[in-house]
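S.K.: Data: coords-v8.txt, compact mmCIF, C-alpha atoms.
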```txt
# COMPACT_ATOMS: atom_id res chain seq x y z
CA MET A 1 -19.46 -24.77 11.18
CA THR A 2 -19.66 -22.83 7.91
CA THR A 3 -16.69 -20.54 7.36
CA ARG A 4 -17.71 -16.90 7.24
CA PHE A 5 -16.08 -13.56 6.54
CA THR A 6 -17.10 -10.30 8.18
CA ALA A 7 -17.05 -6.59 7.50
CA THR A 8 -17.54 -3.71 9.91
CA TYR A 9 -19.03 -0.37 8.84
CA SER A 10 -19.63 3.04 10.26
CA ILE A 11 -23.05 4.19 9.03
CA GLU A 12 -25.56 6.96 9.41
CA THR A 13 -29.25 6.71 8.57
CA SER A 14 -32.25 9.02 8.78
CA GLY A 15 -34.32 6.03 9.93
CA ASP A 16 -33.85 3.13 12.34
CA PRO A 17 -30.24 1.77 12.33
CA LYS A 18 -31.58 -1.74 12.85
CA ALA A 19 -33.69 -1.45 9.72
CA ALA A 20 -30.75 -0.01 7.78
CA ALA A 21 -28.51 -2.89 8.92
CA ALA A 22 -31.15 -5.42 7.87
CA GLU A 23 -31.40 -3.78 4.45
CA MET A 24 -27.62 -3.89 4.10
CA ALA A 25 -27.62 -7.58 4.98
CA GLY A 26 -30.31 -8.32 2.45
CA GLU A 27 -28.79 -6.24 -0.34
CA SER A 28 -25.44 -8.00 0.07
CA SER A 29 -26.85 -11.52 0.03
CA THR A 30 -30.24 -13.01 -0.87
CA ALA A 31 -33.04 -10.47 -0.47
CA THR A 32 -35.08 -8.78 -3.15
CA PHE A 33 -37.55 -5.95 -2.67
CA VAL A 34 -40.56 -8.16 -3.42
CA PRO A 35 -41.30 -11.89 -2.94
CA ILE A 36 -40.35 -13.94 -6.00
CA PRO A 37 -41.36 -17.42 -7.19
CA GLY A 38 -38.94 -20.12 -6.09
CA GLU A 39 -37.68 -18.20 -3.08
CA ARG A 40 -37.00 -20.82 -0.42
CA ALA A 41 -36.39 -20.38 3.29
CA GLU A 42 -33.34 -22.63 3.17
CA ILE A 43 -31.63 -20.30 0.68
CA ALA A 44 -31.77 -17.45 3.15
CA ALA A 45 -30.65 -19.76 5.95
CA LEU A 46 -27.65 -21.02 3.98
CA HIS A 47 -26.64 -17.87 2.12
CA GLY A 48 -28.09 -14.89 3.92
CA ALA A 49 -25.91 -12.25 5.52
CA ARG A 50 -26.13 -11.91 9.29
CA VAL A 51 -26.04 -8.77 11.38
CA GLU A 52 -23.44 -9.85 13.91
CA SER A 53 -23.48 -6.65 15.93
CA LEU A 54 -24.95 -3.17 15.93
CA GLU A 55 -23.81 -0.41 18.25
CA GLU A 56 -25.67 2.87 18.02
CA GLY A 57 -23.76 6.12 18.28
CA ALA A 58 -24.76 9.68 18.90
CA SER A 59 -27.59 11.12 16.83
CA THR A 60 -27.08 14.30 14.83
CA SER A 61 -29.33 16.56 12.83
CA ALA A 62 -28.42 14.48 9.77
CA GLY A 63 -29.42 11.13 11.25
CA ARG A 64 -28.58 8.30 13.61
CA ALA A 65 -25.09 6.82 13.63
CA ALA A 66 -24.15 3.20 14.22
CA THR A 67 -21.32 0.71 13.86
CA VAL A 68 -22.54 -2.42 12.09
CA THR A 69 -20.82 -5.76 11.56
CA LEU A 70 -22.15 -8.12 8.89
CA SER A 71 -21.02 -11.63 8.03
CA TRP A 72 -21.47 -13.92 5.02
CA PRO A 73 -20.68 -17.57 4.35
CA LEU A 74 -17.54 -18.02 2.27
CA GLY A 75 -19.67 -20.34 0.17
CA ASN A 76 -21.40 -17.29 -1.30
CA THR A 77 -18.21 -16.13 -2.98
CA GLY A 78 -15.74 -18.96 -2.85
CA PRO A 79 -12.10 -18.07 -2.11
CA SER A 80 -12.28 -15.10 -4.47
CA LEU A 81 -11.10 -11.61 -3.54
CA PRO A 82 -13.04 -9.76 -6.27
CA ASN A 83 -16.27 -11.47 -5.25
CA ILE A 84 -15.65 -10.85 -1.56
CA LEU A 85 -15.15 -7.19 -2.45
CA ALA A 86 -18.36 -7.18 -4.49
CA THR A 87 -20.13 -8.45 -1.39
CA ALA A 88 -18.56 -6.29 1.30
CA ALA A 89 -17.94 -3.13 -0.75
CA GLY A 90 -20.44 -3.30 -3.59
CA ASN A 91 -24.04 -2.13 -3.69
CA LEU A 92 -24.02 -1.38 0.04
CA PHE A 93 -22.70 2.06 -0.87
CA ASP A 94 -25.89 2.62 -2.90
CA VAL A 95 -28.46 1.72 -0.23
CA LYS A 96 -30.87 4.66 -0.10
CA ASN A 97 -31.62 4.55 3.62
CA VAL A 98 -27.92 4.73 4.50
CA THR A 99 -26.81 8.35 4.24
CA ARG A 100 -23.20 7.70 5.27
CA LEU A 101 -21.19 4.50 5.05
CA ARG A 102 -17.53 3.66 5.59
CA LEU A 103 -16.05 0.18 5.43
CA LEU A 104 -13.81 0.09 8.49
CA ASP A 105 -12.33 -3.41 8.50
CA VAL A 106 -12.77 -6.96 7.27
CA GLU A 107 -12.02 -10.30 8.89
CA LEU A 108 -11.00 -12.91 6.37
CA PRO A 109 -10.57 -16.66 6.93
CA ARG A 110 -7.30 -18.51 6.40
CA GLU A 111 -8.99 -20.70 3.78
CA LEU A 112 -8.08 -17.92 1.34
CA ALA A 113 -4.40 -18.78 1.73
CA ALA A 114 -4.77 -21.79 -0.55
CA THR A 115 -5.73 -19.45 -3.40
CA TYR A 116 -3.67 -16.39 -2.50
CA PRO A 117 -0.10 -17.06 -1.31
CA GLY A 118 0.49 -13.38 -0.52
CA PRO A 119 3.83 -11.56 -0.57
CA GLN A 120 6.67 -13.51 -2.14
CA PHE A 121 9.48 -11.44 -0.59
CA GLY A 122 8.24 -9.05 2.07
CA ALA A 123 10.82 -7.31 4.24
CA ALA A 124 13.24 -10.21 4.73
CA GLY A 125 13.34 -11.14 1.05
CA THR A 126 13.69 -7.54 -0.06
CA ARG A 127 16.59 -6.97 2.33
CA LYS A 128 18.30 -10.15 1.15
CA LEU A 129 18.07 -9.15 -2.50
CA ILE A 130 20.05 -5.96 -1.98
CA GLY A 131 22.07 -6.77 1.14
CA VAL A 132 20.64 -4.19 3.54
CA PRO A 133 20.37 -6.02 6.89
CA CYS A 134 19.22 -3.16 9.10
CA LEU A 135 17.85 0.38 9.08
CA PRO A 136 15.10 1.26 6.60
CA LEU A 137 15.73 1.06 2.88
CA ILE A 138 16.63 4.63 2.02
CA GLY A 139 14.82 5.39 -1.21
CA THR A 140 13.81 8.05 -3.66
CA ILE A 141 11.56 8.67 -6.65
CA ILE A 142 12.74 9.71 -10.07
CA LYS A 143 12.07 13.44 -10.36
CA PRO A 144 10.84 15.19 -12.42
CA SER A 145 8.03 12.65 -12.23
CA ILE A 146 7.65 12.57 -16.00
CA GLY A 147 9.51 14.12 -18.90
CA LEU A 148 13.01 12.64 -18.56
CA THR A 149 14.38 10.57 -21.44
CA PRO A 150 15.85 7.11 -20.79
CA ALA A 151 19.36 8.58 -20.90
CA GLU A 152 18.45 11.36 -18.48
CA THR A 153 16.82 8.86 -16.12
CA ALA A 154 19.90 6.66 -16.23
CA GLY A 155 22.11 9.67 -15.52
CA LEU A 156 20.14 10.46 -12.39
CA VAL A 157 20.19 6.80 -11.34
CA ALA A 158 23.98 6.80 -11.67
CA GLN A 159 24.23 9.75 -9.30
CA LEU A 160 21.85 8.16 -6.80
CA ALA A 161 23.66 4.83 -6.87
CA ALA A 162 27.02 6.55 -6.39
CA GLY A 163 25.48 8.48 -3.52
CA GLY A 164 24.63 5.27 -1.63
CA ILE A 165 20.88 4.97 -2.24
CA ASP A 166 19.20 1.62 -1.48
CA PHE A 167 15.99 1.93 -3.46
CA ILE A 168 14.75 3.92 -6.47
CA LYS A 169 11.32 3.85 -8.06
CA ASP A 170 9.65 5.16 -11.17
CA ASP A 171 6.97 7.70 -10.44
CA GLU A 172 3.45 6.36 -10.85
CA LEU A 173 3.02 8.73 -13.81
CA MET A 174 5.90 7.11 -15.68
CA ALA A 175 5.13 3.79 -17.38
CA ASP A 176 5.64 3.57 -21.17
CA PRO A 177 5.28 7.06 -22.69
CA PRO A 178 6.67 7.92 -26.13
CA HIS A 179 9.44 10.09 -24.69
CA SER A 180 10.66 7.26 -22.42
CA PRO A 181 9.71 3.85 -23.84
CA PHE A 182 9.70 1.20 -21.14
CA GLU A 183 12.29 -1.12 -22.68
CA LYS A 184 14.72 1.67 -23.54
CA ARG A 185 14.41 3.08 -20.01
CA ALA A 186 14.91 -0.35 -18.45
CA ASP A 187 17.98 -1.02 -20.62
CA ALA A 188 19.54 2.32 -19.72
CA VAL A 189 18.84 2.06 -15.99
CA LEU A 190 19.89 -1.57 -15.63
CA ASP A 191 23.13 -0.94 -17.52
CA VAL A 192 23.99 1.78 -14.99
CA LEU A 193 23.09 -0.42 -12.02
CA ARG A 194 25.09 -3.39 -13.37
CA ARG A 195 28.18 -1.23 -13.75
CA HIS A 196 27.64 0.17 -10.26
CA GLU A 197 27.41 -3.34 -8.78
CA ASP A 198 30.48 -4.54 -10.71
CA LYS A 199 32.46 -1.56 -9.39
CA THR A 200 31.27 -1.51 -5.77
CA GLY A 201 29.72 -4.93 -5.08
CA ARG A 202 26.61 -3.10 -3.92
CA ARG A 203 23.12 -3.68 -5.36
CA VAL A 204 20.45 -1.03 -5.69
CA MET A 205 16.77 -1.96 -6.00
CA TYR A 206 14.89 -0.22 -8.82
CA ALA A 207 11.10 -0.56 -9.03
CA PHE A 208 10.08 -0.27 -12.69
CA ASN A 209 6.49 0.81 -13.21
CA VAL A 210 4.98 -2.03 -15.27
CA THR A 211 1.37 -0.83 -14.90
CA GLY A 212 -0.69 -1.56 -17.99
CA GLU A 213 -2.86 -4.23 -19.55
CA ILE A 214 -2.32 -7.73 -18.15
CA ASP A 215 -0.22 -8.96 -21.08
CA GLU A 216 1.81 -5.73 -21.03
CA MET A 217 2.55 -6.09 -17.31
CA LEU A 218 3.70 -9.68 -17.68
CA ARG A 219 5.85 -8.83 -20.68
CA ARG A 220 7.44 -5.85 -18.89
CA HIS A 221 8.05 -7.93 -15.77
CA ASP A 222 9.84 -10.55 -17.87
CA TYR A 223 11.90 -7.91 -19.62
CA VAL A 224 13.14 -6.59 -16.28
CA ALA A 225 13.75 -10.05 -14.79
CA GLU A 226 15.64 -11.38 -17.81
CA ARG A 227 18.02 -8.41 -17.66
CA GLY A 228 18.81 -8.75 -13.99
CA GLY A 229 16.34 -6.27 -12.52
CA ASN A 230 15.06 -6.80 -9.01
CA CYS A 231 11.66 -5.09 -8.59
CA VAL A 232 8.51 -4.08 -10.43
CA MET A 233 5.86 -1.57 -9.44
CA VAL A 234 2.13 -1.30 -10.15
CA SER A 235 -0.64 1.23 -9.52
CA LEU A 236 -2.88 -0.95 -7.37
CA ASN A 237 -6.22 0.80 -7.68
CA TRP A 238 -6.13 0.79 -11.49
CA ILE A 239 -5.16 -2.83 -12.10
CA GLY A 240 -7.18 -4.17 -9.14
CA VAL A 241 -6.71 -7.20 -6.92
CA THR A 242 -7.12 -9.60 -9.84
CA GLY A 243 -4.36 -7.85 -11.78
CA VAL A 244 -2.04 -7.95 -8.78
CA ALA A 245 -2.85 -11.60 -8.05
CA HIS A 246 -2.18 -12.59 -11.67
CA LEU A 247 1.12 -10.72 -11.69
CA ARG A 248 2.08 -12.30 -8.35
CA ARG A 249 1.55 -15.83 -9.68
CA HIS A 250 3.79 -14.98 -12.62
CA SER A 251 6.40 -12.87 -10.88
CA SER A 252 9.92 -13.74 -9.79
CA LEU A 253 10.49 -10.21 -8.44
CA PRO A 254 9.18 -8.15 -5.51
CA ILE A 255 6.01 -6.20 -6.32
CA HIS A 256 6.01 -2.58 -5.17
CA GLY A 257 2.41 -1.46 -4.60
CA HIS A 258 1.55 2.20 -5.20
CA ARG A 259 -1.85 3.33 -3.95
CA ASN A 260 -2.34 6.45 -6.13
CA GLY A 261 -6.04 7.28 -6.28
CA TRP A 262 -6.45 6.43 -2.62
CA GLY A 263 -8.09 9.77 -1.90
CA ILE A 264 -11.09 8.76 -4.03
CA MET A 265 -11.80 5.92 -1.63
CA THR A 266 -11.20 7.61 1.68
CA ARG A 267 -11.05 11.40 1.59
CA GLY A 268 -14.78 12.12 1.52
CA PRO A 269 -16.26 12.23 5.03
CA ALA A 270 -19.52 10.47 4.14
CA PHE A 271 -18.41 7.41 2.20
CA GLY A 272 -15.22 5.45 1.82
CA ILE A 273 -12.98 2.54 2.71
CA ASP A 274 -10.54 2.54 5.59
CA PHE A 275 -6.97 1.48 4.88
CA ARG A 276 -7.29 -1.33 7.45
CA ALA A 277 -9.77 -3.08 5.17
CA TRP A 278 -8.28 -2.10 1.80
CA GLN A 279 -4.72 -3.22 2.51
CA LYS A 280 -5.70 -6.77 3.42
CA PHE A 281 -6.93 -7.45 -0.09
CA PHE A 282 -3.70 -6.33 -1.73
CA ARG A 283 -1.54 -8.17 0.79
CA LEU A 284 -3.44 -11.34 -0.03
CA ALA A 285 -3.10 -10.57 -3.74
CA GLY A 286 0.66 -10.50 -3.28
CA VAL A 287 2.32 -7.09 -2.98
CA ASP A 288 5.62 -6.95 -1.09
CA HIS A 289 5.75 -3.19 -0.48
CA LEU A 290 2.74 -0.97 0.18
CA HIS A 291 2.56 2.84 0.25
CA VAL A 292 1.13 4.41 3.40
CA ASN A 293 1.87 8.12 2.74
CA GLY A 294 4.17 9.78 5.29
CA ILE A 295 4.20 11.72 8.53
CA ASP A 296 3.82 15.49 8.03
CA ASN A 297 3.12 14.79 4.35
CA LYS A 298 2.11 17.19 1.58
CA PHE A 299 -1.33 15.60 1.11
CA PHE A 300 -4.58 15.73 3.09
CA GLU A 301 -3.98 12.75 5.35
CA PRO A 302 -3.35 13.41 9.06
CA ASN A 303 -0.47 11.73 10.86
CA GLU A 304 -2.79 9.53 12.91
CA SER A 305 -4.15 7.97 9.74
CA VAL A 306 -0.67 7.41 8.28
CA ILE A 307 0.47 5.68 11.47
CA ARG A 308 -2.63 3.46 11.58
CA SER A 309 -1.97 2.48 7.98
CA ALA A 310 1.64 1.53 8.64
CA ARG A 311 0.69 -0.50 11.69
CA ALA A 312 -2.03 -2.24 9.69
CA CYS A 313 0.59 -3.49 7.23
CA LEU A 314 2.39 -5.22 10.11
CA ALA A 315 -0.73 -6.69 11.74
CA PRO A 316 -2.18 -10.16 10.99
CA VAL A 317 -4.20 -10.37 7.79
CA PHE A 318 -6.39 -13.36 8.76
CA ASP A 319 -9.05 -13.57 11.43
CA ASP A 320 -7.11 -16.27 13.33
CA GLY A 321 -4.63 -13.59 14.40
CA LEU A 322 -1.57 -15.60 13.36
CA PRO A 323 1.34 -13.72 11.78
CA GLY A 324 2.08 -13.81 8.09
CA TYR A 325 1.58 -11.86 4.88
CA GLU A 326 3.58 -8.92 6.25
CA VAL A 327 4.55 -6.24 3.76
CA MET A 328 7.04 -3.39 3.93
CA PRO A 329 5.27 -0.06 4.53
CA VAL A 330 6.52 2.65 2.19
CA PHE A 331 6.69 6.15 3.63
CA SER A 332 6.79 8.94 1.05
CA SER A 333 5.44 12.43 0.32
CA LYS A 334 7.64 15.29 1.53
CA GLN A 335 9.78 13.04 3.73
CA THR A 336 13.06 14.50 4.98
CA VAL A 337 15.41 14.06 7.93
CA SER A 338 12.76 15.69 10.10
CA GLN A 339 10.32 12.74 10.14
CA ALA A 340 12.73 9.85 10.74
CA GLU A 341 12.49 9.97 14.53
CA LYS A 342 8.71 10.45 14.45
CA THR A 343 8.31 7.49 12.10
CA TRP A 344 10.53 5.26 14.25
CA ARG A 345 8.58 6.14 17.39
CA ALA A 346 5.27 5.56 15.63
CA VAL A 347 5.93 2.11 14.13
CA GLY A 348 8.85 0.74 16.15
CA THR A 349 10.43 -1.08 13.21
CA THR A 350 12.98 -0.39 10.51
CA ASP A 351 11.35 -2.90 8.15
CA LEU A 352 10.15 -0.12 5.88
CA ILE A 353 11.10 1.93 2.86
CA TYR A 354 11.70 5.60 3.55
CA ALA A 355 11.36 7.32 0.17
CA CYS A 356 12.48 10.94 -0.07
CA GLY A 357 12.25 12.93 -3.28
CA GLY A 358 13.24 16.50 -2.55
CA GLY A 359 14.61 15.43 0.83
CA ILE A 360 17.48 13.79 -1.06
CA LEU A 361 17.56 15.34 -4.52
CA ALA A 362 17.31 18.92 -3.21
CA HIS A 363 19.96 18.65 -0.49
CA PRO A 364 22.08 21.81 -0.76
CA ASP A 365 25.29 19.77 -0.94
CA GLY A 366 24.09 17.31 -3.53
CA ILE A 367 22.65 13.82 -3.81
CA GLU A 368 25.35 11.96 -1.88
CA ALA A 369 24.93 14.31 1.06
CA GLY A 370 21.17 13.94 0.77
CA VAL A 371 21.34 10.14 1.03
CA ARG A 372 23.84 10.32 3.89
CA SER A 373 21.73 12.81 5.81
CA ILE A 374 18.64 10.54 5.69
CA ARG A 375 20.65 7.51 6.81
CA GLU A 376 22.19 9.52 9.65
CA ALA A 377 18.76 10.75 10.73
CA TRP A 378 17.63 7.14 11.02
CA GLU A 379 20.78 6.14 12.90
CA ALA A 380 20.02 8.89 15.40
CA ALA A 381 16.37 7.85 15.69
CA VAL A 382 17.14 4.19 16.39
CA ALA A 383 19.91 5.12 18.84
CA GLY A 384 17.62 7.56 20.66
CA VAL A 385 19.97 10.49 20.09
CA PRO A 386 18.44 13.93 19.35
CA LEU A 387 19.17 15.20 15.85
CA ASP A 388 20.77 18.40 17.17
CA GLN A 389 23.30 16.34 19.07
CA TYR A 390 23.86 13.71 16.37
CA SER A 391 24.43 16.37 13.70
CA ILE A 392 27.27 18.14 15.51
CA GLU A 393 29.96 16.17 13.65
CA ARG A 394 27.78 15.29 10.66
CA PRO A 395 27.60 18.23 8.27
CA ALA A 396 25.30 16.55 5.75
CA LEU A 397 22.69 16.01 8.46
CA ARG A 398 23.12 19.52 9.82
CA ARG A 399 22.70 21.08 6.38
CA ALA A 400 19.56 19.01 5.74
CA MET A 401 18.08 20.12 9.07
CA GLU A 402 18.67 23.74 8.09
CA ALA A 403 17.33 23.28 4.54
CA PHE A 404 14.17 21.32 5.40
CA ALA A 405 13.22 22.74 8.78
```
Starting from the file, lay out its structure as C-alpha cells.

M.R.:
Amino acid sequence: MTTRFTATYSIETSGDPKAAAAEMAGESSTATFVPIPGERAEIAALHGARVESLEEGASTSAGRAATVTLSWPLGNTGPSLPNILATAAGNLFDVKNVTRLRLLDVELPRELAATYPGPQFGAAGTRKLIGVPCLPLIGTIIKPSIGLTPAETAGLVAQLAAGGIDFIKDDELMADPPHSPFEKRADAVLDVLRRHEDKTGRRVMYAFNVTGEIDEMLRRHDYVAERGGNCVMVSLNWIGVTGVAHLRRHSSLPIHGHRNGWGIMTRGPAFGIDFRAWQKFFRLAGVDHLHVNGIDNKFFEPNESVIRSARACLAPVFDDGLPGYEVMPVFSSKQTVSQAEKTWRAVGTTDLIYACGGGILAHPDGIEAGVRSIREAWEAAVAGVPLDQYSIERPALRRAMEAFA
C-alpha cells in the first residue's frame, strides 16, 4: 500500500463544502482548471489527493463550515518537510471558494525518520548536560532584551549563575548587533560560566541566539561549541524547517527553538495553522526545546491553547502513535511563582523549561531570591502543598507571592 500523509482542516465556504474539499484536493495535487494535453487518468490515480473525510458543521451567515481531511501519497513529495508543507499548507490558503481555512493537524509517516533524526538531546540529554535530574529547568531571559554590551550581559549572567539559575537564553532580538557582537558576547558569557563551574562544580545552560544566514549559524554554533558552550537558539519561523534541519545535522549542542512570529500564523480567526500541526515539523527538523508561551501570559493566547501546545510537544509525532521525538516545552511570558502549580496540573511533567524574566530579575530581594522562589513554587506544586502553606518558612517565596500577585 502506498504510504500517505494526511492533513485536517477547519474550513468555511459560501458554496458546497464537498465542492470546496474537492477543489482543495485538486489544487494540492494534480488538477488544473482546464483539461490539458497529456493529462492521463493514471496520473490522478497515482498522485491525486484524496478527501478522506468531510464532516459538516453549523452554517452561519458567512457560509457553511466543515472539517476536512485530505491525504497525499508520500511519493508526491518524497521524505521532504518543505515539500510536504508546500502541499499541506501552500496554495490551499488561496482557494477562492474557501472563505476560512485553518490547518488543524497532520499525520506523518515514520518513513520520514530516515531523513530527519529529530531532537538530539531532548529532556534527558538536556538534563544530563547540566546535572538537573528533577524539577523543571528554572530559566530566565537576558533583560533588557537588547541594548546590553557583552560586559553588561556577562555581569548579569554572573549574578544569575550565583543565584542558582539552571538556564539562561538570549532574547530573540539579540543576535549579532554592533553594540554586542556575537563572538565578544559569547566570550564574555562563557568566561563567567567557566569560572562559576570551576568554583561550584555546577553547570548553567546558556542558549546563544545564532539566528542568521546558514553559514553564519553554523559558524556561530562552532564558536560556542569550541569554547565549551552547551546550547544554541534559533528563531524558527525565520530560518524555516530547512534551516533547522541543516543546523541539526551539523550541531553537537541542544537547539533551543523560539517561535517568535507565531501570532502571524495563528492569531487571525479566519486563517492559520494550529500548533499541533506546526510543532511536528520542527520536532522532525531537530529542535530539543520548543516555546509554547505560558499560562496567564502577557500575550493574546488563552490558557487552553498554551496547555494544548505543551501537551502536543509530548505526544507522538508519527501516525503510528509510537513514542519518540519528544522535546522540552518552554514556558515563558510573564511567568512567576503564581503559575507553577497551574502548569504542573496542566501537563503533569517536570520535563520542561520554566523561563521567568521579571519573575526572577524583579524579585524585591534580588536575583538569588527570585531563583529560589521559583524553585520553591515548583517544589510545592509537585508535592501538592498550597503556596500559602509552603511559603510560611520560605521568605523568598512569600515575598514573590506578594510582589507578583

S.K.: Calculate how many Å separate CA of Leu290 in chain A from CA of Gly122 in chain A, rounding to one decimal.

M.R.: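 Straight-line distance from CA of Leu290 in chain A to CA of Gly122 in chain A works out to 10.0 Å.
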
S.K.: Can you work out which one of A:Val371, A:Ala188, A:Val204, A:Ala400 has the shortest atom-to-atom distance to Arg127 in chain A, counting only C-alpha atoms?

M.R.: A:Val204

S.K.: Kindly indicate which residue among A:Thr350, A:Arg283, A:Glu213, A:Asp222 lies nearest to Trp238 in chain A, using all atoms listed in the file for the distances.

M.R.: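 Ranked by minimum distance to Trp238 in chain A, first place goes to A:Glu213.
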
S.K.: Do a neighbour search on range 177-179 of chain A at 12 Å with all atoms listed in the file, toss out local chain neighbours closer than 6 positions, and write the hits as a PDB file with C-alpha atoms, in the coordinates of the input.

M.R.:
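Output file selection13.pdb follows:
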```pdb
ATOM      1  CA  ILE A 146       7.650  12.570 -16.000  1.00  0.00           C
ATOM      2  CA  GLY A 147       9.510  14.120 -18.900  1.00  0.00           C
ATOM      3  CA  LEU A 148      13.010  12.640 -18.560  1.00  0.00           C
ATOM      4  CA  THR A 149      14.380  10.570 -21.440  1.00  0.00           C
ATOM      5  CA  PRO A 150      15.850   7.110 -20.790  1.00  0.00           C
ATOM      6  CA  ALA A 151      19.360   8.580 -20.900  1.00  0.00           C
ATOM      7  CA  GLU A 152      18.450  11.360 -18.480  1.00  0.00           C
ATOM      8  CA  THR A 153      16.820   8.860 -16.120  1.00  0.00           C
ATOM      9  CA  ARG A 185      14.410   3.080 -20.010  1.00  0.00           C
ATOM     10  CA  ASN A 209       6.490   0.810 -13.210  1.00  0.00           C
ATOM     11  CA  VAL A 210       4.980  -2.030 -15.270  1.00  0.00           C
ATOM     12  CA  THR A 211       1.370  -0.830 -14.900  1.00  0.00           C
ATOM     13  CA  GLY A 212      -0.690  -1.560 -17.990  1.00  0.00           C
TER      14      GLY A 212
END
```

S.K.: Find the residues around Lys143 in chain A up to 10 Å (all atoms listed in the file counted), leave out those fewer than 4 positions away in its own chain, and share them as a list in words.

M.R.: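 My reading of the contact set: Gly147, Leu148, Thr153, Leu156, Lys169, Asp170, Asp171, Gly357, Gly358 and Leu361 of chain A.
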
S.K.: For C-alpha atoms, I'd like the residues from the last selection saved as a tab-separated table (two decimals), in the frame of the given file.

M.R.:
```tsv
chain	number	residue	atom	x	y	z
A	147	GLY	CA	9.51	14.12	-18.90
A	148	LEU	CA	13.01	12.64	-18.56
A	153	THR	CA	16.82	8.86	-16.12
A	156	LEU	CA	20.14	10.46	-12.39
A	169	LYS	CA	11.32	3.85	-8.06
A	170	ASP	CA	9.65	5.16	-11.17
A	171	ASP	CA	6.97	7.70	-10.44
A	357	GLY	CA	12.25	12.93	-3.28
A	358	GLY	CA	13.24	16.50	-2.55
A	361	LEU	CA	17.56	15.34	-4.52
```

S.K.: Report the distance between CA of Arg64 in chain A and CA of Gly263 in chain A in Å, rounded to one decimal place.

M.R.: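 CA of Arg64 in chain A sits 25.7 Å away from CA of Gly263 in chain A.
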
S.K.: So, with only C-alpha atoms as the atoms that count, which of A:Val382, A:Leu46, A:Val287, A:Ile264 lies closest to Gly243 in chain A?

M.R.: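 Under the stated criterion, the closest residue is A:Val287.
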
S.K.: With distances taken over only C-alpha atoms, which of A:Ala88, A:Asp16, A:His47, A:Glu42 is nearest to Ser29 in chain A?

M.R.: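 Of A:Ala88, A:Asp16, A:His47, A:Glu42, the one nearest Ser29 in chain A is A:His47, counting only C-alpha atoms.
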
S.K.: Smallest atom-to-atom distance to Ile168 in chain A: which of A:Pro181, A:Gly139, A:Gly75, A:Gly131, using only C-alpha atoms?

M.R.: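 Closest candidate: A:Gly139.
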
S.K.: I'd like to know which of A:Glu197, A:Glu183, A:Glu12, A:Asp176 is closest to Ala270 in chain A, using only C-alpha atoms.

M.R.: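 Going through A:Glu197, A:Glu183, A:Glu12, A:Asp176 one by one, the smallest distance to Ala270 in chain A is for A:Glu12.
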
S.K.: For Gln159 in chain A, list every protein, DNA or RNA residue within 9 Å, evaluated using only C-alpha atoms, and leave out those in the same chain fewer than 4 positions away; present the list as a list in words.

M.R.: Ala154, Gly155, Gly163, Gly164, Ile367 and Glu368 of chain A

S.K.: So how many Å separate CA of Trp278 in chain A and CA of Asp319 in chain A, to one decimal?

M.R.: 15.0 Å

S.K.: Could you name the residues that touch Arg308 in chain A at 10 Å or less, counting only C-alpha atoms, but leaving out those on the same chain fewer than 6 positions away, as number ranges by chain?

M.R.: A: 274-276, 292, 346-347
